[in-house]
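Dropping protein22.csv in here (CSV, C-alpha atoms):
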```csv
chain,number,residue,atom,x,y,z
A,1,LEU,CA,-46.1,-25.9,21.6
A,2,TRP,CA,-49.0,-23.5,21.2
A,3,LEU,CA,-50.1,-23.1,17.6
A,4,ILE,CA,-52.6,-20.5,16.2
A,5,PRO,CA,-53.1,-21.3,12.5
A,6,HIS,CA,-54.1,-18.0,11.0
A,7,ASN,CA,-53.8,-17.2,7.2
A,8,TRP,CA,-50.3,-15.8,7.6
A,9,SER,CA,-49.0,-18.6,9.9
A,10,ILE,CA,-50.3,-21.8,8.3
A,11,LEU,CA,-47.5,-22.2,5.7
A,12,PRO,CA,-44.7,-21.4,8.2
A,13,LEU,CA,-46.2,-23.8,10.7
A,14,TRP,CA,-46.5,-26.5,8.1
A,15,ARG,CA,-42.9,-26.1,7.0
A,16,GLY,CA,-41.6,-26.0,10.5
A,17,MET,CA,-43.5,-28.9,11.9
A,18,GLY,CA,-43.1,-31.1,8.8
A,19,SER,CA,-44.7,-34.6,8.9
A,20,ARG,CA,-45.7,-34.2,12.5
A,21,VAL,CA,-48.8,-32.2,11.6
A,22,SER,CA,-49.6,-34.2,8.4
A,23,SER,CA,-50.0,-37.5,10.1
A,24,ASP,CA,-51.1,-39.2,13.3
A,25,GLU,CA,-47.4,-39.7,14.2
A,26,SER,CA,-46.4,-36.6,16.3
A,27,GLN,CA,-42.8,-38.0,16.7
A,28,GLY,CA,-42.9,-37.0,20.4
A,29,VAL,CA,-43.9,-33.4,19.8
A,30,ARG,CA,-47.1,-32.2,21.6
A,31,TRP,CA,-49.0,-29.1,20.6
A,32,HIS,CA,-52.1,-27.2,21.5
A,33,VAL,CA,-54.1,-25.5,18.8
A,34,SER,CA,-56.3,-22.3,19.2
A,35,MET,CA,-58.7,-21.8,16.3
A,36,HIS,CA,-59.8,-18.2,15.8
A,37,ASP,CA,-60.8,-18.1,12.1
A,38,PHE,CA,-60.9,-20.3,9.1
A,39,VAL,CA,-58.6,-19.6,6.3
A,40,ASP,CA,-61.4,-19.5,3.7
A,41,ALA,CA,-63.1,-16.6,5.5
A,42,HIS,CA,-63.1,-13.0,4.4
A,43,ASN,CA,-63.0,-14.0,0.7
A,44,PHE,CA,-59.3,-14.9,1.0
A,45,GLY,CA,-59.5,-17.0,-2.2
A,46,GLU,CA,-60.1,-13.8,-4.2
A,47,ARG,CA,-56.6,-12.6,-3.2
A,48,VAL,CA,-54.5,-15.8,-3.4
A,49,GLY,CA,-56.6,-18.1,-5.5
A,50,SER,CA,-59.2,-20.8,-4.6
A,51,GLY,CA,-56.7,-23.6,-5.1
A,52,VAL,CA,-54.3,-22.2,-2.6
A,53,VAL,CA,-57.0,-21.6,-0.1
A,54,ARG,CA,-58.3,-25.2,-0.4
A,55,ARG,CA,-54.7,-26.5,0.2
A,56,MET,CA,-54.3,-24.2,3.2
A,57,ARG,CA,-57.6,-25.2,4.6
A,58,ARG,CA,-56.6,-28.9,4.5
A,59,MET,CA,-53.4,-27.9,6.3
A,60,GLN,CA,-55.4,-26.0,8.9
A,61,ASP,CA,-57.7,-29.0,9.5
A,62,LEU,CA,-54.7,-31.4,9.9
A,63,ILE,CA,-52.9,-29.1,12.3
A,64,TYR,CA,-56.1,-29.0,14.3
A,65,LYS,CA,-57.0,-32.8,14.0
A,66,ASN,CA,-53.5,-34.1,15.0
A,67,ALA,CA,-52.9,-31.7,17.9
A,68,THR,CA,-52.7,-33.0,21.4
A,69,SER,CA,-55.4,-30.6,22.5
A,70,ARG,CA,-57.6,-27.9,20.9
A,71,ASP,CA,-59.7,-24.9,21.6
A,72,VAL,CA,-62.2,-22.9,19.5
A,73,ILE,CA,-64.1,-19.7,20.1
A,74,CYS,CA,-67.8,-20.6,19.8
A,75,GLU,CA,-70.3,-23.5,19.5
A,76,PRO,CA,-70.8,-23.2,15.7
A,77,MET,CA,-67.1,-23.5,15.1
A,78,ALA,CA,-66.8,-26.5,17.4
A,79,GLN,CA,-69.6,-28.3,15.5
A,80,HIS,CA,-68.2,-27.4,12.1
A,81,LEU,CA,-64.7,-28.7,13.0
A,82,GLN,CA,-66.1,-31.9,14.4
A,83,GLU,CA,-68.0,-32.5,11.1
A,84,GLN,CA,-65.0,-31.6,9.0
A,85,THR,CA,-62.3,-33.5,10.9
A,86,GLY,CA,-64.1,-36.0,13.1
A,87,THR,CA,-62.4,-34.4,16.1
A,88,PRO,CA,-64.2,-32.3,18.7
A,89,PRO,CA,-62.3,-29.5,20.5
A,90,SER,CA,-61.0,-30.0,24.0
A,91,PHE,CA,-62.9,-26.9,25.1
A,92,ILE,CA,-64.5,-23.7,23.9
A,93,CYS,CA,-62.4,-20.7,24.9
A,94,ARG,CA,-65.0,-18.1,25.7
A,95,LYS,CA,-64.2,-14.5,26.3
A,96,GLY,CA,-65.1,-13.6,29.8
A,97,LEU,CA,-65.3,-10.7,32.2
A,98,ASP,CA,-63.0,-10.1,35.1
A,99,SER,CA,-64.2,-9.5,38.7
A,100,ASP,CA,-63.6,-5.8,38.4
A,101,HIS,CA,-65.8,-5.7,35.4
A,102,PHE,CA,-68.6,-7.3,37.3
A,103,ALA,CA,-68.1,-4.9,40.2
A,104,TYR,CA,-68.4,-2.0,37.7
A,105,LEU,CA,-71.6,-3.5,36.2
A,106,GLU,CA,-73.2,-3.8,39.6
A,107,SER,CA,-72.6,-0.1,40.3
A,108,LYS,CA,-73.5,1.2,36.8
A,109,GLN,CA,-76.8,2.8,36.2
A,110,VAL,CA,-79.0,1.3,33.5
A,111,TYR,CA,-78.9,3.2,30.3
A,112,SER,CA,-82.0,5.3,29.5
A,113,PRO,CA,-82.4,7.6,26.5
A,114,PRO,CA,-82.7,11.3,27.1
A,115,SER,CA,-86.2,12.7,27.8
A,116,THR,CA,-88.5,13.0,24.9
A,117,LEU,CA,-89.4,16.4,26.2
A,118,ASP,CA,-85.8,17.5,25.3
A,119,PRO,CA,-85.2,15.9,21.9
A,120,ARG,CA,-81.8,17.7,21.6
A,121,PRO,CA,-79.6,16.4,24.5
A,122,SER,CA,-77.0,18.8,25.9
A,123,THR,CA,-74.3,16.2,25.3
A,124,PRO,CA,-74.0,13.9,22.2
A,125,ILE,CA,-75.0,10.3,22.3
A,126,LYS,CA,-71.7,8.4,22.0
A,127,LEU,CA,-71.5,5.1,20.1
A,128,ALA,CA,-68.3,3.0,20.0
A,129,TYR,CA,-66.8,0.6,17.6
A,130,ALA,CA,-63.7,-1.4,18.7
A,131,GLY,CA,-61.4,-3.1,16.2
A,132,THR,CA,-61.1,-3.6,12.5
A,133,ILE,CA,-64.1,-2.9,10.3
A,134,LEU,CA,-64.4,-6.2,8.4
A,135,CYS,CA,-67.9,-5.5,6.9
A,136,GLU,CA,-67.6,-2.0,5.4
A,137,PRO,CA,-70.9,-2.1,3.4
A,138,GLU,CA,-72.8,-2.7,6.6
A,139,PHE,CA,-70.8,-0.1,8.5
A,140,ALA,CA,-71.5,2.4,5.7
A,141,LEU,CA,-75.2,1.6,5.9
A,142,PHE,CA,-75.2,2.2,9.6
A,143,VAL,CA,-73.4,5.5,9.2
A,144,ASN,CA,-75.9,6.6,6.6
A,145,LEU,CA,-78.7,5.6,9.0
A,146,LEU,CA,-77.3,7.8,11.8
A,147,GLU,CA,-76.8,10.6,9.3
A,148,SER,CA,-80.4,10.5,8.4
A,149,ILE,CA,-81.4,10.6,12.1
A,150,ILE,CA,-79.1,13.6,12.7
A,151,GLN,CA,-80.7,15.5,9.7
A,152,GLN,CA,-84.2,14.6,10.8
A,153,ARG,CA,-83.7,15.9,14.3
A,154,THR,CA,-81.6,18.9,13.6
A,155,THR,CA,-83.2,22.3,12.9
A,156,ASN,CA,-81.5,25.6,12.0
A,157,ASN,CA,-82.3,27.3,15.3
A,158,GLU,CA,-80.8,24.6,17.5
A,159,PRO,CA,-77.3,24.9,18.9
A,160,ARG,CA,-74.6,23.1,16.9
A,161,THR,CA,-73.7,20.7,19.6
A,162,PRO,CA,-73.3,17.3,17.9
A,163,LEU,CA,-76.3,15.1,18.2
A,164,LEU,CA,-74.3,11.9,17.9
A,165,GLU,CA,-70.7,10.8,17.9
A,166,LEU,CA,-69.3,7.5,16.6
A,167,HIS,CA,-65.9,6.7,18.2
A,168,LEU,CA,-63.6,4.2,16.5
A,169,TYR,CA,-60.9,2.3,18.4
A,170,GLY,CA,-58.5,0.3,16.3
A,171,ALA,CA,-55.2,0.2,14.4
A,172,HIS,CA,-56.6,1.3,11.1
A,173,SER,CA,-57.8,4.7,10.0
A,174,TYR,CA,-60.9,5.2,7.9
A,175,ALA,CA,-60.8,9.0,7.5
A,176,SER,CA,-60.4,8.6,3.7
A,177,ARG,CA,-63.5,6.5,3.2
A,178,PRO,CA,-66.5,8.1,1.5
A,179,TRP,CA,-68.8,7.2,4.4
A,180,PHE,CA,-66.6,9.0,7.0
A,181,ARG,CA,-68.4,11.9,8.7
A,182,PRO,CA,-67.2,14.9,10.9
A,183,TRP,CA,-69.0,13.3,13.9
A,184,ILE,CA,-66.9,10.1,13.6
A,185,ILE,CA,-63.8,10.3,15.9
A,186,GLU,CA,-60.8,8.0,15.6
A,187,HIS,CA,-58.7,7.2,18.7
A,188,GLY,CA,-56.3,4.6,17.3
A,189,ASN,CA,-55.3,1.3,18.9
A,190,LEU,CA,-55.5,1.4,22.8
A,191,PRO,CA,-54.2,-1.1,25.4
A,192,GLU,CA,-57.0,-3.2,26.7
A,193,ASN,CA,-57.4,-1.5,30.1
A,194,ASP,CA,-57.3,2.0,28.4
A,195,LEU,CA,-59.9,0.8,25.9
A,196,ILE,CA,-62.3,-0.2,28.7
A,197,VAL,CA,-61.9,3.2,30.4
A,198,GLU,CA,-62.7,4.9,27.1
A,199,LEU,CA,-65.7,2.6,26.3
A,200,ARG,CA,-67.2,3.4,29.7
A,201,LYS,CA,-67.5,7.0,28.5
A,202,CYS,CA,-69.8,5.9,25.7
A,203,ASP,CA,-73.5,5.0,25.6
A,204,TRP,CA,-73.6,2.1,23.1
A,205,GLY,CA,-71.3,-0.4,21.5
A,206,LEU,CA,-71.6,-1.5,17.8
A,207,SER,CA,-71.0,-5.1,16.7
A,208,LEU,CA,-71.6,-6.1,13.1
A,209,MET,CA,-71.2,-8.9,10.6
A,210,ALA,CA,-72.4,-9.2,7.0
A,211,LEU,CA,-76.1,-8.9,6.3
A,212,ASP,CA,-75.9,-11.4,3.5
A,213,GLU,CA,-74.1,-14.7,2.9
A,214,ARG,CA,-71.2,-13.3,0.8
A,215,ASP,CA,-68.8,-14.5,3.6
A,216,PRO,CA,-70.7,-17.5,5.2
A,217,ILE,CA,-67.6,-19.0,6.8
A,218,TYR,CA,-66.9,-15.8,8.8
A,219,ASN,CA,-70.6,-15.1,9.4
A,220,ARG,CA,-71.4,-18.6,10.8
A,221,TYR,CA,-68.2,-19.8,12.5
A,222,SER,CA,-66.4,-16.7,13.8
A,223,PHE,CA,-67.4,-14.4,16.6
A,224,PRO,CA,-66.4,-10.8,17.2
A,225,ALA,CA,-64.7,-10.5,20.6
A,226,LYS,CA,-65.8,-6.8,20.8
A,227,PHE,CA,-69.3,-8.1,21.5
A,228,CYS,CA,-68.1,-9.2,25.0
A,229,THR,CA,-65.7,-6.3,25.4
A,230,TYR,CA,-68.7,-3.9,25.3
A,231,PHE,CA,-70.2,-5.9,28.2
A,232,SER,CA,-67.1,-5.3,30.3
A,233,ALA,CA,-67.7,-1.6,29.8
A,234,GLY,CA,-71.4,-1.9,30.7
A,235,LEU,CA,-72.6,-0.9,27.3
A,236,PRO,CA,-75.8,-2.1,25.5
A,237,VAL,CA,-75.0,-3.3,22.0
A,238,ILE,CA,-76.4,-2.5,18.6
A,239,THR,CA,-75.9,-5.8,16.6
A,240,ILE,CA,-76.0,-5.9,12.8
A,241,GLY,CA,-75.9,-9.1,10.9
A,242,HIS,CA,-77.5,-12.0,9.0
A,243,PRO,CA,-80.1,-14.0,11.1
A,244,GLU,CA,-77.8,-17.1,10.8
A,245,SER,CA,-74.6,-15.3,11.9
A,246,SER,CA,-73.1,-16.3,15.2
A,247,VAL,CA,-73.3,-12.8,16.7
A,248,MET,CA,-76.9,-12.3,15.7
A,249,LYS,CA,-77.9,-15.7,17.3
A,250,MET,CA,-76.2,-14.5,20.5
A,251,ALA,CA,-77.8,-11.1,20.4
A,252,SER,CA,-81.2,-12.6,19.7
A,253,ALA,CA,-81.0,-15.1,22.5
A,254,TYR,CA,-80.3,-12.4,25.1
A,255,ASN,CA,-81.7,-8.9,25.6
A,256,VAL,CA,-78.4,-7.0,25.1
A,257,GLY,CA,-79.6,-4.0,23.1
A,258,LEU,CA,-80.9,-3.5,19.5
A,259,THR,CA,-80.6,-5.9,16.5
A,260,ILE,CA,-80.7,-5.0,12.8
A,261,GLN,CA,-81.1,-7.8,10.3
A,262,THR,CA,-82.1,-6.0,7.1
A,263,ARG,CA,-80.6,-3.5,4.7
A,264,ASN,CA,-83.7,-1.3,5.2
A,265,PRO,CA,-83.8,-0.9,9.0
A,266,SER,CA,-86.3,1.4,10.7
A,267,ARG,CA,-84.8,4.8,11.3
A,268,GLU,CA,-87.5,5.4,13.8
A,269,ASP,CA,-86.8,2.3,15.9
A,270,LEU,CA,-83.1,3.2,16.1
A,271,ALA,CA,-83.8,6.8,16.9
A,272,ASN,CA,-86.3,5.8,19.6
A,273,ALA,CA,-83.7,3.5,21.2
A,274,LEU,CA,-81.0,6.1,21.1
A,275,PHE,CA,-83.1,9.1,22.2
```
How does the structure come out when it is put into C-alpha cells?
Amino acid sequence: LWLIPHNWSILPLWRGMGSRVSSDESQGVRWHVSMHDFVDAHNFGERVGSGVVRRMRRMQDLIYKNATSRDVICEPMAQHLQEQTGTPPSFICRKGLDSDHFAYLESKQVYSPPSTLDPRPSTPIKLAYAGTILCEPEFALFVNLLESIIQQRTTNNEPRTPLLELHLYGAHSYASRPWFRPWIIEHGNLPENDLIVELRKCDWGLSLMALDERDPIYNRYSFPAKFCTYFSAGLPVITIGHPESSVMKMASAYNVGLTIQTRNPSREDLANALF
C-alpha cells in the first residue's frame, strides 16, 4: 500500500489500517509512506482544536514510523522526523527536471532586463505564481511593492501598455481579495505540460513562505514544489521568506534570482532586477 498522511486522510487511514499502524506488528501488511506536510502546519489547530491536532500528529508519526519504507520531500523534514520518531526516511523524494526540460534550458537565452535607456518596455514584464497562495500577507506585500514600482515608473504622457503583469496559475480565484489589481491575471488550474508552456512565456517565477515564524512547521519542514517547476520553465525566481525557511535556505545557497527576507524590502533593488 502507498499511504500519504495529509490532514484529510489521517483519520480514514487510521480507521482503515487499525492496529497495524499503531504498533510494530504489521500483521503481514506492507506499506510505503510519502510525507508531504505535517498536520500541525498552516495553523490547523485554530480550526479543529489543538488537542485534535496533537492526536493526529501522533497518528501521523506512527503511520510513518511503522511503515515498511518512507520518503520525505526535503532534508529538514528528514531530520525532524528522525528526531521525532527515531526512524530515518528511506529516501528523499526530490522534485526533478525531465530531459526535455534540460534541453530547453540549454537553448534558452539568459534573462536580461530591458535597457535602462528605454525604461518603459514595449511589452510588460511577466511574473508567474503557480499554485495556492498559502501566505497571503506576504503575497499582498509583494503586490503592493509592484504597485509602487508601477506608479513610480509611470507618467501621464507614456502609453498605457501595462508595465508589469502577474499571472496566477491555480485552482483558486483571488479576484475578490483587496490586494487584487487589474494587472493580475488568473488562468485557473492547468495540466502540468500546459503549465510549463505558459510559464515559459513569463520572465520570473515567484515562490514565497512566511516572513515571520507564525507557521514554523510549514516554514521549516515543507518545501514549495513550484520553486523547481519554475526551473523547468527556465525562469529566475523571486523568493520571499524567513531566513530559516526551507525555500530561503535553498535560494540563498544557489544564485537563482532575487531574495526578499524583510517586510521592508528595497523597491529600487526589485525594480533594478526587473528592469
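With distances restricted to only C-alpha atoms, A:Leu62 is the closest residue to Thr87 of chain A from A:Leu62, A:Val237, A:Leu168, A:Ile73.
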**Message:** Which residues are close to segment 266-270 of chain A, i.e. within 9 Å by only C-alpha atoms, leaving aside same-chain residues fewer than 2 positions away? Reply as a ChimeraX atom specification.
**Reply:** /A:145-146,148-149,258,260,264,272-275
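What separates atom CA of Pro182 of chain A from atom CA of Pro137 of chain A is a distance of 18.9 Å.
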**Sphere at (-65.4, 4.3, 26.5), radius 10 Å, counting all atoms listed in the file: residues as a PyMOL selection string** = chain A and resi 126-130+167+169+194-205+230+233-235
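Across the structure, atom CA of Leu13 of chain A and atom CA of Gln82 of chain A are spaced 21.8 Å apart.
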**Prompt:** Could you name the residues that touch Arg94 of chain A at 10 Å or less, counting only C-alpha atoms, but leaving out those on the same chain fewer than 3 positions away, as an NGL selection string?
**Reply:** :A and (71-75 or 91 or 97 or 225 or 228)
